[in-house]
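What follows is the content of my_file_28.cif (mmCIF, C-alpha atoms and all ligand atoms).
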```cif
data_coords
loop_
_atom_site.group_PDB
_atom_site.id
_atom_site.type_symbol
_atom_site.label_atom_id
_atom_site.label_comp_id
_atom_site.auth_asym_id
_atom_site.auth_seq_id
_atom_site.Cartn_x
_atom_site.Cartn_y
_atom_site.Cartn_z
ATOM 1 C CA MET A 1336 -8.109 9.181 -38.977
ATOM 2 C CA LYS A 1337 -8.955 9.264 -35.324
ATOM 3 C CA ASP A 1338 -10.081 6.699 -32.897
ATOM 4 C CA LYS A 1339 -8.944 8.786 -29.966
ATOM 5 C CA ASP A 1340 -9.863 12.104 -28.376
ATOM 6 C CA PHE A 1341 -7.279 14.349 -29.946
ATOM 7 C CA GLN A 1342 -5.391 14.374 -33.234
ATOM 8 C CA VAL A 1343 -2.183 16.179 -34.189
ATOM 9 C CA VAL A 1344 -1.881 17.470 -37.762
ATOM 10 C CA VAL A 1345 1.471 18.723 -39.105
ATOM 11 C CA ILE A 1346 1.388 20.876 -42.249
ATOM 12 C CA THR A 1347 4.510 22.113 -44.020
ATOM 13 C CA GLY A 1348 4.209 25.535 -45.663
ATOM 14 C CA GLY A 1349 1.030 26.473 -43.796
ATOM 15 C CA SER A 1350 1.444 30.244 -43.704
ATOM 16 C CA LYS A 1351 -0.484 31.047 -46.892
ATOM 17 C CA GLY A 1352 -2.100 29.670 -50.049
ATOM 18 C CA ILE A 1353 -3.065 25.994 -50.127
ATOM 19 C CA GLY A 1354 -1.321 25.218 -46.806
ATOM 20 C CA ARG A 1355 -3.352 27.893 -45.020
ATOM 21 C CA ALA A 1356 -6.613 26.542 -46.489
ATOM 22 C CA ILE A 1357 -5.639 23.049 -45.287
ATOM 23 C CA GLY A 1358 -5.039 24.394 -41.776
ATOM 24 C CA VAL A 1359 -8.422 26.110 -41.735
ATOM 25 C CA LYS A 1360 -10.092 22.936 -43.047
ATOM 26 C CA PHE A 1361 -8.654 20.907 -40.148
ATOM 27 C CA ALA A 1362 -9.611 23.554 -37.546
ATOM 28 C CA ARG A 1363 -11.570 21.836 -34.751
ATOM 29 C CA PRO A 1364 -11.371 21.893 -30.959
ATOM 30 C CA ASP A 1365 -10.132 18.273 -30.927
ATOM 31 C CA THR A 1366 -7.307 18.910 -33.409
ATOM 32 C CA GLN A 1367 -3.886 20.441 -32.770
ATOM 33 C CA ILE A 1368 -2.414 21.914 -35.940
ATOM 34 C CA TYR A 1369 1.323 22.537 -36.058
ATOM 35 C CA PHE A 1370 2.549 24.123 -39.288
ATOM 36 C CA ASN A 1371 5.803 25.587 -40.514
ATOM 37 C CA HIS A 1372 6.970 28.154 -43.036
ATOM 38 C CA TYR A 1373 10.378 29.537 -43.874
ATOM 39 C CA ASP A 1374 11.137 32.554 -46.056
ATOM 40 C CA SER A 1375 8.500 35.121 -45.188
ATOM 41 C CA ASP A 1376 8.274 37.031 -41.912
ATOM 42 C CA ASP A 1377 5.831 35.802 -39.266
ATOM 43 C CA LYS A 1378 2.917 38.041 -40.348
ATOM 44 C CA ALA A 1379 1.281 35.551 -42.724
ATOM 45 C CA ALA A 1380 1.876 32.663 -40.300
ATOM 46 C CA ASN A 1381 0.280 34.627 -37.453
ATOM 47 C CA GLU A 1382 -2.730 35.371 -39.675
ATOM 48 C CA THR A 1383 -3.137 31.654 -40.358
ATOM 49 C CA VAL A 1384 -2.946 30.878 -36.630
ATOM 50 C CA GLY A 1385 -5.643 33.518 -36.066
ATOM 51 C CA LEU A 1386 -7.914 32.095 -38.782
ATOM 52 C CA ILE A 1387 -7.621 28.584 -37.314
ATOM 53 C CA ARG A 1388 -8.362 29.850 -33.794
ATOM 54 C CA ASP A 1389 -11.379 31.830 -35.106
ATOM 55 C CA MET A 1390 -12.745 28.496 -36.363
ATOM 56 C CA GLY A 1391 -12.381 27.002 -32.871
ATOM 57 C CA GLY A 1392 -9.144 25.188 -33.671
ATOM 58 C CA ASN A 1393 -5.689 25.081 -32.075
ATOM 59 C CA ALA A 1394 -2.621 26.109 -34.044
ATOM 60 C CA ARG A 1395 1.079 26.777 -33.636
ATOM 61 C CA ALA A 1396 3.616 27.881 -36.216
ATOM 62 C CA SER A 1397 7.402 27.551 -36.482
ATOM 63 C CA ARG A 1398 9.971 28.817 -38.920
ATOM 64 C CA VAL A 1399 11.572 25.667 -40.357
ATOM 65 C CA ASN A 1400 13.357 25.050 -43.647
ATOM 66 C CA VAL A 1401 12.026 21.664 -44.810
ATOM 67 C CA ALA A 1402 15.148 21.258 -46.965
ATOM 68 C CA SER A 1403 17.277 21.040 -43.801
ATOM 69 C CA LEU A 1404 17.243 17.591 -42.186
ATOM 70 C CA ASP A 1405 18.520 19.032 -38.880
ATOM 71 C CA GLU A 1406 15.767 21.666 -38.739
ATOM 72 C CA VAL A 1407 13.103 19.099 -39.647
ATOM 73 C CA GLN A 1408 14.310 16.663 -36.975
ATOM 74 C CA ASP A 1409 14.280 19.447 -34.351
ATOM 75 C CA PHE A 1410 10.780 20.454 -35.480
ATOM 76 C CA PHE A 1411 9.361 16.938 -35.077
ATOM 77 C CA LYS A 1412 11.156 16.594 -31.725
ATOM 78 C CA GLU A 1413 9.356 19.725 -30.586
ATOM 79 C CA VAL A 1414 5.990 18.459 -31.878
ATOM 80 C CA MET A 1415 6.519 15.240 -29.903
ATOM 81 C CA GLU A 1416 7.578 17.091 -26.746
ATOM 82 C CA GLN A 1417 4.512 19.317 -26.957
ATOM 83 C CA PHE A 1418 1.836 16.916 -28.176
ATOM 84 C CA GLY A 1419 3.219 13.367 -28.056
ATOM 85 C CA ARG A 1420 1.977 12.144 -31.436
ATOM 86 C CA VAL A 1421 1.610 12.891 -35.151
ATOM 87 C CA ASP A 1422 -1.572 11.616 -36.764
ATOM 88 C CA VAL A 1423 -1.453 13.464 -40.083
ATOM 89 C CA LEU A 1424 1.466 14.911 -42.057
ATOM 90 C CA VAL A 1425 0.685 17.136 -45.040
ATOM 91 C CA ASN A 1426 3.823 17.782 -47.104
ATOM 92 C CA ASN A 1427 2.624 20.975 -48.742
ATOM 93 C CA ALA A 1428 5.636 23.354 -48.766
ATOM 94 C CA GLY A 1429 6.851 24.055 -52.277
ATOM 95 C CA ILE A 1430 8.565 26.660 -54.415
ATOM 96 C CA THR A 1431 9.111 27.453 -58.097
ATOM 97 C CA MET A 1432 12.166 28.948 -59.804
ATOM 98 C CA ASP A 1433 10.953 28.950 -63.393
ATOM 99 C CA THR A 1434 13.132 29.395 -66.428
ATOM 100 C CA LEU A 1435 13.817 27.549 -69.660
ATOM 101 C CA LEU A 1436 15.948 24.416 -69.343
ATOM 102 C CA VAL A 1437 18.856 25.864 -71.313
ATOM 103 C CA ARG A 1438 18.971 28.928 -69.051
ATOM 104 C CA MET A 1439 18.435 27.110 -65.760
ATOM 105 C CA LYS A 1440 21.225 27.664 -63.248
ATOM 106 C CA GLU A 1441 22.466 24.837 -61.085
ATOM 107 C CA THR A 1442 21.213 26.755 -58.042
ATOM 108 C CA ASP A 1443 17.677 26.992 -59.579
ATOM 109 C CA TRP A 1444 17.673 23.222 -60.005
ATOM 110 C CA ASP A 1445 19.155 22.424 -56.591
ATOM 111 C CA ARG A 1446 16.934 24.770 -54.593
ATOM 112 C CA VAL A 1447 13.666 23.484 -56.084
ATOM 113 C CA ILE A 1448 14.673 19.830 -55.703
ATOM 114 C CA ASP A 1449 15.902 20.488 -52.144
ATOM 115 C CA VAL A 1450 12.637 22.059 -50.976
ATOM 116 C CA ASN A 1451 10.047 20.177 -53.052
ATOM 117 C CA LEU A 1452 11.559 16.681 -53.002
ATOM 118 C CA LYS A 1453 14.243 16.369 -50.323
ATOM 119 C CA GLY A 1454 11.984 18.371 -48.000
ATOM 120 C CA VAL A 1455 9.259 15.747 -48.429
ATOM 121 C CA PHE A 1456 11.771 12.960 -47.754
ATOM 122 C CA ASN A 1457 13.025 14.736 -44.612
ATOM 123 C CA CYS A 1458 9.551 15.245 -43.155
ATOM 124 C CA THR A 1459 8.185 11.862 -44.238
ATOM 125 C CA GLN A 1460 11.106 10.020 -42.643
ATOM 126 C CA ALA A 1461 10.750 11.936 -39.371
ATOM 127 C CA ALA A 1462 6.960 11.444 -39.253
ATOM 128 C CA ALA A 1463 7.114 7.798 -40.346
ATOM 129 C CA LYS A 1464 9.342 6.884 -37.384
ATOM 130 C CA ILE A 1465 6.659 8.290 -35.067
ATOM 131 C CA MET A 1466 3.705 6.816 -36.975
ATOM 132 C CA ILE A 1467 5.323 3.339 -37.108
ATOM 133 C CA ARG A 1468 5.421 3.327 -33.296
ATOM 134 C CA GLN A 1469 1.777 4.483 -33.221
ATOM 135 C CA ARG A 1470 0.865 1.901 -35.883
ATOM 136 C CA SER A 1471 -1.324 4.550 -37.519
ATOM 137 C CA GLY A 1472 -0.957 7.717 -39.553
ATOM 138 C CA ARG A 1473 -1.830 9.562 -42.715
ATOM 139 C CA ILE A 1474 0.618 11.273 -45.048
ATOM 140 C CA VAL A 1475 -0.577 13.496 -47.886
ATOM 141 C CA ASN A 1476 1.958 14.931 -50.350
ATOM 142 C CA MET A 1477 1.326 17.954 -52.551
ATOM 143 C CA ALA A 1478 2.262 17.030 -56.108
ATOM 144 C CA SER A 1479 1.197 19.011 -59.196
ATOM 145 C CA VAL A 1480 -0.369 18.460 -62.586
ATOM 146 C CA VAL A 1481 3.033 19.593 -63.885
ATOM 147 C CA GLY A 1482 4.614 16.471 -62.366
ATOM 148 C CA VAL A 1483 2.584 14.303 -64.751
ATOM 149 C CA MET A 1484 2.200 16.630 -67.782
ATOM 150 C CA GLY A 1485 5.478 18.571 -67.733
ATOM 151 C CA ASN A 1486 5.500 22.303 -68.462
ATOM 152 C CA VAL A 1487 7.648 24.757 -70.373
ATOM 153 C CA GLY A 1488 9.995 26.620 -68.019
ATOM 154 C CA GLN A 1489 9.510 24.194 -65.135
ATOM 155 C CA ALA A 1490 12.012 21.340 -65.664
ATOM 156 C CA ASN A 1491 13.150 21.574 -62.028
ATOM 157 C CA TYR A 1492 9.615 21.860 -60.628
ATOM 158 C CA ALA A 1493 8.200 19.084 -62.876
ATOM 159 C CA ALA A 1494 11.071 16.774 -61.895
ATOM 160 C CA SER A 1495 10.538 17.500 -58.191
ATOM 161 C CA LYS A 1496 6.806 16.751 -58.394
ATOM 162 C CA ALA A 1497 7.264 13.624 -60.538
ATOM 163 C CA GLY A 1498 9.850 12.451 -57.998
ATOM 164 C CA LEU A 1499 7.411 13.174 -55.190
ATOM 165 C CA ILE A 1500 4.862 10.866 -56.852
ATOM 166 C CA GLY A 1501 7.439 8.035 -56.929
ATOM 167 C CA LEU A 1502 8.324 8.724 -53.295
ATOM 168 C CA THR A 1503 4.617 8.616 -52.395
ATOM 169 C CA LYS A 1504 4.169 5.172 -53.957
ATOM 170 C CA ALA A 1505 7.347 3.710 -52.417
ATOM 171 C CA ALA A 1506 6.442 5.056 -48.973
ATOM 172 C CA ALA A 1507 2.852 3.785 -49.364
ATOM 173 C CA LYS A 1508 4.148 0.242 -49.962
ATOM 174 C CA GLU A 1509 6.669 0.382 -47.097
ATOM 175 C CA LEU A 1510 4.301 1.862 -44.532
ATOM 176 C CA ALA A 1511 1.045 0.036 -45.368
ATOM 177 C CA PRO A 1512 1.836 -2.920 -43.068
ATOM 178 C CA ARG A 1513 2.019 -0.421 -40.161
ATOM 179 C CA GLY A 1514 -1.445 1.015 -40.859
ATOM 180 C CA ILE A 1515 -0.136 4.204 -42.459
ATOM 181 C CA THR A 1516 -1.505 5.518 -45.750
ATOM 182 C CA VAL A 1517 0.496 7.756 -48.107
ATOM 183 C CA ASN A 1518 -1.192 9.576 -50.983
ATOM 184 C CA ALA A 1519 -0.568 12.561 -53.225
ATOM 185 C CA VAL A 1520 -2.875 15.349 -54.340
ATOM 186 C CA ALA A 1521 -2.012 16.925 -57.692
ATOM 187 C CA PRO A 1522 -3.526 20.391 -58.056
ATOM 188 C CA GLY A 1523 -3.841 22.103 -61.424
ATOM 189 C CA PHE A 1524 -3.975 25.897 -61.586
ATOM 190 C CA ILE A 1525 -4.915 27.257 -58.143
ATOM 191 C CA ASP A 1526 -5.213 30.942 -57.157
ATOM 192 C CA THR A 1527 -2.339 31.599 -54.722
ATOM 193 C CA ASP A 1528 0.768 33.809 -54.565
ATOM 194 C CA MET A 1529 2.599 31.101 -56.542
ATOM 195 C CA THR A 1530 0.359 31.536 -59.592
ATOM 196 C CA ALA A 1531 -0.257 35.265 -59.081
ATOM 197 C CA ALA A 1532 3.391 35.761 -60.032
ATOM 198 C CA LEU A 1533 2.835 34.296 -63.537
ATOM 199 C CA PRO A 1534 2.643 36.637 -66.555
ATOM 200 C CA LYS A 1535 -0.922 37.399 -67.808
ATOM 201 C CA LYS A 1536 -0.317 35.532 -71.071
ATOM 202 C CA VAL A 1537 0.771 32.364 -69.259
ATOM 203 C CA LYS A 1538 -2.310 32.539 -67.007
ATOM 204 C CA GLU A 1539 -4.614 32.910 -70.031
ATOM 205 C CA GLY A 1540 -2.900 29.939 -71.667
ATOM 206 C CA MET A 1541 -3.437 27.813 -68.536
ATOM 207 C CA LEU A 1542 -7.104 28.809 -68.221
ATOM 208 C CA ALA A 1543 -7.709 27.871 -71.869
ATOM 209 C CA GLN A 1544 -6.641 24.290 -70.999
ATOM 210 C CA ILE A 1545 -9.184 23.879 -68.163
ATOM 211 C CA PRO A 1546 -12.510 22.276 -69.229
ATOM 212 C CA LEU A 1547 -14.300 23.682 -66.153
ATOM 213 C CA GLY A 1548 -13.251 27.134 -67.404
ATOM 214 C CA ARG A 1549 -11.873 28.549 -64.177
ATOM 215 C CA SER A 1550 -8.877 28.361 -61.898
ATOM 216 C CA GLY A 1551 -9.211 26.410 -58.646
ATOM 217 C CA GLN A 1552 -9.309 27.785 -55.122
ATOM 218 C CA PRO A 1553 -7.059 26.612 -52.255
ATOM 219 C CA GLU A 1554 -10.205 25.234 -50.570
ATOM 220 C CA ASP A 1555 -10.799 22.903 -53.569
ATOM 221 C CA VAL A 1556 -7.478 21.238 -52.721
ATOM 222 C CA ALA A 1557 -7.885 21.396 -48.930
ATOM 223 C CA SER A 1558 -11.124 19.406 -48.985
ATOM 224 C CA VAL A 1559 -9.425 16.518 -50.824
ATOM 225 C CA VAL A 1560 -6.524 16.547 -48.345
ATOM 226 C CA ALA A 1561 -9.006 16.439 -45.455
ATOM 227 C CA PHE A 1562 -10.816 13.503 -47.071
ATOM 228 C CA LEU A 1563 -7.560 11.543 -47.514
ATOM 229 C CA ALA A 1564 -6.816 12.110 -43.813
ATOM 230 C CA SER A 1565 -10.310 11.013 -42.725
ATOM 231 C CA PRO A 1566 -11.474 7.547 -41.603
ATOM 232 C CA GLU A 1567 -13.510 7.293 -44.840
ATOM 233 C CA ALA A 1568 -10.255 7.134 -46.848
ATOM 234 C CA GLY A 1569 -8.757 4.242 -44.871
ATOM 235 C CA TYR A 1570 -8.579 1.920 -47.895
ATOM 236 C CA ILE A 1571 -6.857 4.434 -50.206
ATOM 237 C CA THR A 1572 -3.046 4.431 -50.402
ATOM 238 C CA GLY A 1573 -0.368 5.107 -53.014
ATOM 239 C CA GLN A 1574 -2.766 7.169 -55.130
ATOM 240 C CA VAL A 1575 -2.489 10.499 -56.907
ATOM 241 C CA ILE A 1576 -5.760 12.432 -56.728
ATOM 242 C CA HIS A 1577 -6.022 15.139 -59.396
ATOM 243 C CA VAL A 1578 -7.748 18.423 -58.527
ATOM 244 C CA ASN A 1579 -7.472 20.384 -61.752
ATOM 245 C CA GLY A 1580 -10.851 21.215 -63.301
ATOM 246 C CA GLY A 1581 -10.234 18.571 -65.965
ATOM 247 C CA MET A 1582 -6.929 20.099 -67.153
ATOM 248 C CA TYR A 1583 -5.391 16.608 -67.146
ATOM 249 C CA MET A 1584 -7.496 13.434 -67.412
HETATM 250 P P1 LIG B 1 2.496 29.561 -51.798
HETATM 251 O O1 LIG B 1 1.271 30.393 -51.676
HETATM 252 O O2 LIG B 1 3.724 30.165 -52.390
HETATM 253 O O3 LIG B 1 2.831 28.947 -50.344
HETATM 254 C C1 LIG B 1 3.967 28.128 -50.175
HETATM 255 C C2 LIG B 1 4.124 27.785 -48.699
HETATM 256 O O4 LIG B 1 5.314 26.983 -48.549
HETATM 257 C C3 LIG B 1 4.321 29.014 -47.823
HETATM 258 O O5 LIG B 1 3.740 28.802 -46.572
HETATM 259 C C4 LIG B 1 5.843 29.076 -47.683
HETATM 260 O O6 LIG B 1 6.236 29.781 -46.509
HETATM 261 C C5 LIG B 1 6.171 27.603 -47.576
HETATM 262 N N1 LIG B 1 7.575 27.295 -47.869
HETATM 263 C C6 LIG B 1 8.290 27.593 -48.986
HETATM 264 N N2 LIG B 1 9.544 27.145 -48.877
HETATM 265 C C7 LIG B 1 9.631 26.527 -47.663
HETATM 266 C C8 LIG B 1 10.663 25.847 -46.993
HETATM 267 N N3 LIG B 1 11.891 25.719 -47.507
HETATM 268 N N4 LIG B 1 10.394 25.319 -45.762
HETATM 269 C C9 LIG B 1 9.162 25.448 -45.215
HETATM 270 N N5 LIG B 1 8.144 26.081 -45.817
HETATM 271 C C10 LIG B 1 8.377 26.613 -47.024
HETATM 272 O O7 LIG B 1 2.226 28.267 -52.680
HETATM 273 P P2 LIG B 1 0.888 27.419 -52.956
HETATM 274 O O8 LIG B 1 0.395 27.769 -54.289
HETATM 275 O O9 LIG B 1 -0.023 27.480 -51.779
HETATM 276 O O10 LIG B 1 1.538 25.962 -53.074
HETATM 277 C C11 LIG B 1 1.457 24.987 -52.034
HETATM 278 C C12 LIG B 1 1.868 23.646 -52.626
HETATM 279 O O11 LIG B 1 0.982 23.310 -53.693
HETATM 280 C C13 LIG B 1 3.279 23.634 -53.230
HETATM 281 O O12 LIG B 1 3.898 22.382 -52.985
HETATM 282 C C14 LIG B 1 3.021 23.792 -54.719
HETATM 283 O O13 LIG B 1 4.062 23.259 -55.497
HETATM 284 C C15 LIG B 1 1.725 23.011 -54.855
HETATM 285 N N6 LIG B 1 0.946 23.355 -56.048
HETATM 286 C C16 LIG B 1 0.442 24.613 -56.213
HETATM 287 C C17 LIG B 1 -0.309 24.895 -57.357
HETATM 288 C C18 LIG B 1 -0.927 26.238 -57.631
HETATM 289 O O14 LIG B 1 -1.501 26.414 -58.723
HETATM 290 N N7 LIG B 1 -0.862 27.197 -56.709
HETATM 291 C C19 LIG B 1 -0.505 23.893 -58.322
HETATM 292 C C20 LIG B 1 0.039 22.647 -58.109
HETATM 293 C C21 LIG B 1 0.756 22.385 -56.963
HETATM 294 P P3 LIG B 1 7.311 30.983 -46.602
HETATM 295 O O15 LIG B 1 6.837 31.902 -47.685
HETATM 296 O O16 LIG B 1 7.333 31.593 -45.241
HETATM 297 O O17 LIG B 1 8.610 30.298 -46.937
#
```

Represent the supplied structure as structure tokens.
Ligand code: NAP
Amino acid sequence: MKDKDFQVVVITGGSKGIGRAIGVKFARPDTQIYFNHYDSDDKAANETVGLIRDMGGNARASRVNVASLDEVQDFFKEVMEQFGRVDVLVNNAGITMDTLLVRMKETDWDRVIDVNLKGVFNCTQAAAKIMIRQRSGRIVNMASVVGVMGNVGQANYAASKAGLIGLTKAAAKELAPRGITVNAVAPGFIDTDMTAALPKKVKEGMLAQIPLGRSGQPEDVASVVAFLASPEAGYITGQVIHVNGGMYM
């Protein structure tokens, strides 16, 4: 996305899994990566910073709850004080609290919607205000195959990801006149801590639905995010790009 010497890439939930792979993918001497995380201690985040630096990149990490508008606004204020611009925002942070609809507690619903959907609104609004002034920017939102297919035990998660797709399209239309693109990537079944927690039977059931016959790797998703943030993707906005081994066509 750059026509200048230095770009600033903000990634939410960059301490592990897909967010970490995205950070590593963007690692370059001319790119400043600033990512956040929330629940875990700083060990995983520090490892990600180390991996990015090993690749010749620049990275910083902060503990920020994307569901909190105040924390998100402070985070973007700090990014601006430190680096003066935001070229790419990747809204990657996400959680699951799976259970059947009839057993789902109000707190299970609220927490997942707060992080996965309100968190994306909070960060997109903060970044958009900066990008509008720049008259350039790229926003990539992490959806899920579950947001288009639905899934047993994931009413809250499916609703959050379907909502995120609507938010992506609305934001794409609003921000296009300012030279900002907004797209979503919808991964299928990717090997991370999020899927490692699933029971063996559920994993086998998921794998049986994948024509390519294997789960995906975080890097499979990261390369699509990097493409959407690149100059080559300048005419793509409001799209949902599926990365799922053919699980949903
Ligand atoms: P993961 O390994 O569990 O990593 C989630 C990341 O989000 C961590 O860095 C976590 O940091 C951060 N995070 C969680 N809550 C946060 C909050 N409130 N504020 C800021 N950061 C927060 O998950 P993943 O599998 O890489 O998933 C990444 C994204 O891809 C999610 O949006 C997920 O829904 C989506 N996705 C994943 C799959 C899959 O198969 N893995 C499929 C489709 C979509 P802390 O632990 O420090 O909080």

Residues of chain A that have any atom at most 8 Å from an atom of ligand LIG 1 (chain B): could you tabulate them with the shortest-distance atom pair and the distance in Å to one decimal, using only C-alpha atoms and all ligand atoms, ordered by chain and increasing number, as JSON lines?
```
{"residue": "A:Thr1347", "atom": "CA", "partner": "B:LIG1", "partner_atom": "N5", "distance": 5.7}
{"residue": "A:Gly1348", "atom": "CA", "partner": "B:LIG1", "partner_atom": "O4", "distance": 3.4}
{"residue": "A:Gly1349", "atom": "CA", "partner": "B:LIG1", "partner_atom": "O5", "distance": 4.5}
{"residue": "A:Ser1350", "atom": "CA", "partner": "B:LIG1", "partner_atom": "O5", "distance": 3.9}
{"residue": "A:Lys1351", "atom": "CA", "partner": "B:LIG1", "partner_atom": "O5", "distance": 4.8}
{"residue": "A:Gly1352", "atom": "CA", "partner": "B:LIG1", "partner_atom": "O9", "distance": 3.5}
{"residue": "A:Ile1353", "atom": "CA", "partner": "B:LIG1", "partner_atom": "O9", "distance": 3.8}
{"residue": "A:Gly1354", "atom": "CA", "partner": "B:LIG1", "partner_atom": "O9", "distance": 5.6}
{"residue": "A:Arg1355", "atom": "CA", "partner": "B:LIG1", "partner_atom": "O5", "distance": 7.3}
{"residue": "A:Asn1371", "atom": "CA", "partner": "B:LIG1", "partner_atom": "C9", "distance": 5.8}
{"residue": "A:His1372", "atom": "CA", "partner": "B:LIG1", "partner_atom": "N5", "distance": 3.7}
{"residue": "A:Tyr1373", "atom": "CA", "partner": "B:LIG1", "partner_atom": "O17", "distance": 3.6}
{"residue": "A:Asp1374", "atom": "CA", "partner": "B:LIG1", "partner_atom": "O17", "distance": 3.5}
{"residue": "A:Ser1375", "atom": "CA", "partner": "B:LIG1", "partner_atom": "O16", "distance": 3.7}
{"residue": "A:Asp1376", "atom": "CA", "partner": "B:LIG1", "partner_atom": "O16", "distance": 6.4}
{"residue": "A:Asp1377", "atom": "CA", "partner": "B:LIG1", "partner_atom": "O16", "distance": 7.5}
{"residue": "A:Ala1379", "atom": "CA", "partner": "B:LIG1", "partner_atom": "O16", "distance": 7.7}
{"residue": "A:Ala1380", "atom": "CA", "partner": "B:LIG1", "partner_atom": "O16", "distance": 7.4}
{"residue": "A:Arg1398", "atom": "CA", "partner": "B:LIG1", "partner_atom": "C9", "distance": 7.2}
{"residue": "A:Val1399", "atom": "CA", "partner": "B:LIG1", "partner_atom": "C9", "distance": 5.4}
{"residue": "A:Asn1400", "atom": "CA", "partner": "B:LIG1", "partner_atom": "N4", "distance": 3.7}
{"residue": "A:Val1401", "atom": "CA", "partner": "B:LIG1", "partner_atom": "N4", "distance": 4.1}
{"residue": "A:Ala1402", "atom": "CA", "partner": "B:LIG1", "partner_atom": "N3", "distance": 5.5}
{"residue": "A:Asn1426", "atom": "CA", "partner": "B:LIG1", "partner_atom": "O12", "distance": 7.5}
{"residue": "A:Asn1427", "atom": "CA", "partner": "B:LIG1", "partner_atom": "O12", "distance": 4.6}
{"residue": "A:Ala1428", "atom": "CA", "partner": "B:LIG1", "partner_atom": "O4", "distance": 3.6}
{"residue": "A:Gly1429", "atom": "CA", "partner": "B:LIG1", "partner_atom": "O12", "distance": 3.5}
{"residue": "A:Ile1430", "atom": "CA", "partner": "B:LIG1", "partner_atom": "C6", "distance": 5.5}
{"residue": "A:Thr1431", "atom": "CA", "partner": "B:LIG1", "partner_atom": "O13", "distance": 7.1}
{"residue": "A:Val1450", "atom": "CA", "partner": "B:LIG1", "partner_atom": "N3", "distance": 5.1}
{"residue": "A:Asn1451", "atom": "CA", "partner": "B:LIG1", "partner_atom": "O12", "distance": 6.5}
{"residue": "A:Gly1454", "atom": "CA", "partner": "B:LIG1", "partner_atom": "N3", "distance": 7.4}
{"residue": "A:Met1477", "atom": "CA", "partner": "B:LIG1", "partner_atom": "O12", "distance": 5.1}
{"residue": "A:Ala1478", "atom": "CA", "partner": "B:LIG1", "partner_atom": "C21", "distance": 5.6}
{"residue": "A:Ser1479", "atom": "CA", "partner": "B:LIG1", "partner_atom": "C20", "distance": 4.0}
{"residue": "A:Val1480", "atom": "CA", "partner": "B:LIG1", "partner_atom": "C20", "distance": 6.1}
{"residue": "A:Val1481", "atom": "CA", "partner": "B:LIG1", "partner_atom": "C20", "distance": 7.2}
{"residue": "A:Tyr1492", "atom": "CA", "partner": "B:LIG1", "partner_atom": "O13", "distance": 7.7}
{"residue": "A:Lys1496", "atom": "CA", "partner": "B:LIG1", "partner_atom": "O13", "distance": 7.6}
{"residue": "A:Ala1521", "atom": "CA", "partner": "B:LIG1", "partner_atom": "C20", "distance": 6.1}
{"residue": "A:Pro1522", "atom": "CA", "partner": "B:LIG1", "partner_atom": "C20", "distance": 4.2}
{"residue": "A:Gly1523", "atom": "CA", "partner": "B:LIG1", "partner_atom": "C19", "distance": 4.9}
{"residue": "A:Phe1524", "atom": "CA", "partner": "B:LIG1", "partner_atom": "O14", "distance": 3.8}
{"residue": "A:Ile1525", "atom": "CA", "partner": "B:LIG1", "partner_atom": "O14", "distance": 3.6}
{"residue": "A:Asp1526", "atom": "CA", "partner": "B:LIG1", "partner_atom": "N7", "distance": 5.8}
{"residue": "A:Thr1527", "atom": "CA", "partner": "B:LIG1", "partner_atom": "O8", "distance": 4.7}
{"residue": "A:Asp1528", "atom": "CA", "partner": "B:LIG1", "partner_atom": "O1", "distance": 4.5}
{"residue": "A:Met1529", "atom": "CA", "partner": "B:LIG1", "partner_atom": "O2", "distance": 4.4}
{"residue": "A:Thr1530", "atom": "CA", "partner": "B:LIG1", "partner_atom": "N7", "distance": 5.4}
{"residue": "A:Gly1551", "atom": "CA", "partner": "B:LIG1", "partner_atom": "O14", "distance": 7.7}
{"residue": "A:Pro1553", "atom": "CA", "partner": "B:LIG1", "partner_atom": "O9", "distance": 7.1}
```

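Among A:Gly1488, A:Gly1548, A:Gly1472, A:Gly1501, the residue with the shortest atom-to-atom distance to Leu1452 in chain A, counting only C-alpha atoms, is A:Gly1501.
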
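The spacing separating CA of Ile1357 in chain A from CA of Asn1579 in chain A amounts to 16.8 Å.
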
Listed atoms of range 1387-1397 of chain A boxed axis-aligned with 8 Å per side, centre + edges as AutoDock Vina command-line options:
```
--center_x -2.7 --center_y 28.5 --center_z -34.7 --size_x 36.1 --size_y 22.7 --size_z 21.2
```

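Between CA of Arg1363 in chain A and CA of Asp1555 in chain A the interatomic distance comes to 18.9 Å.
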
Output check: residues returned by the PyMOL selection byres (((chain A and resi 1432) around 10) and not hetatm), as a list of chain:residue names: A:Ile1430, A:Thr1431, A:Asp1433, A:Thr1434, A:Met1439, A:Lys1440, A:Thr1442, A:Asp1443, A:Trp1444, A:Arg1446, A:Val1447, A:Gly1488, A:Gln1489, A:Ala1490, A:Asn1491, A:Tyr1492

Distance query Gly1391 in chain A at most 12 Å, only C-alpha atoms, self and fewer than 5 positions along chain excluded, as a PyMOL selection string: chain A and resi 1358-1368+1384-1386

Which residue of A:Ile1515, A:Ala1493, A:Leu1436, A:Val1483 approaches Ala1463 in chain A most closely, using only C-alpha atoms: A:Ile1515

Selection under test: the PyMOL selection byres (((chain A and resi 1570-1572) around 8) and not hetatm); residues as an MDAnalysis selection string: chainID A and resid 1507 1511 1516:1518 1563 1567:1569 1573:1574

Restricting it to C-alpha atoms, dump the selection as a CSV table (one decimal), keeping the file's coordinate frame.
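Writing the result to part15.csv gives the following:
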```csv
chain,number,residue,atom,x,y,z
A,1507,ALA,CA,2.9,3.8,-49.4
A,1511,ALA,CA,1.0,0.0,-45.4
A,1516,THR,CA,-1.5,5.5,-45.8
A,1517,VAL,CA,0.5,7.8,-48.1
A,1518,ASN,CA,-1.2,9.6,-51.0
A,1563,LEU,CA,-7.6,11.5,-47.5
A,1567,GLU,CA,-13.5,7.3,-44.8
A,1568,ALA,CA,-10.3,7.1,-46.8
A,1569,GLY,CA,-8.8,4.2,-44.9
A,1573,GLY,CA,-0.4,5.1,-53.0
A,1574,GLN,CA,-2.8,7.2,-55.1
```
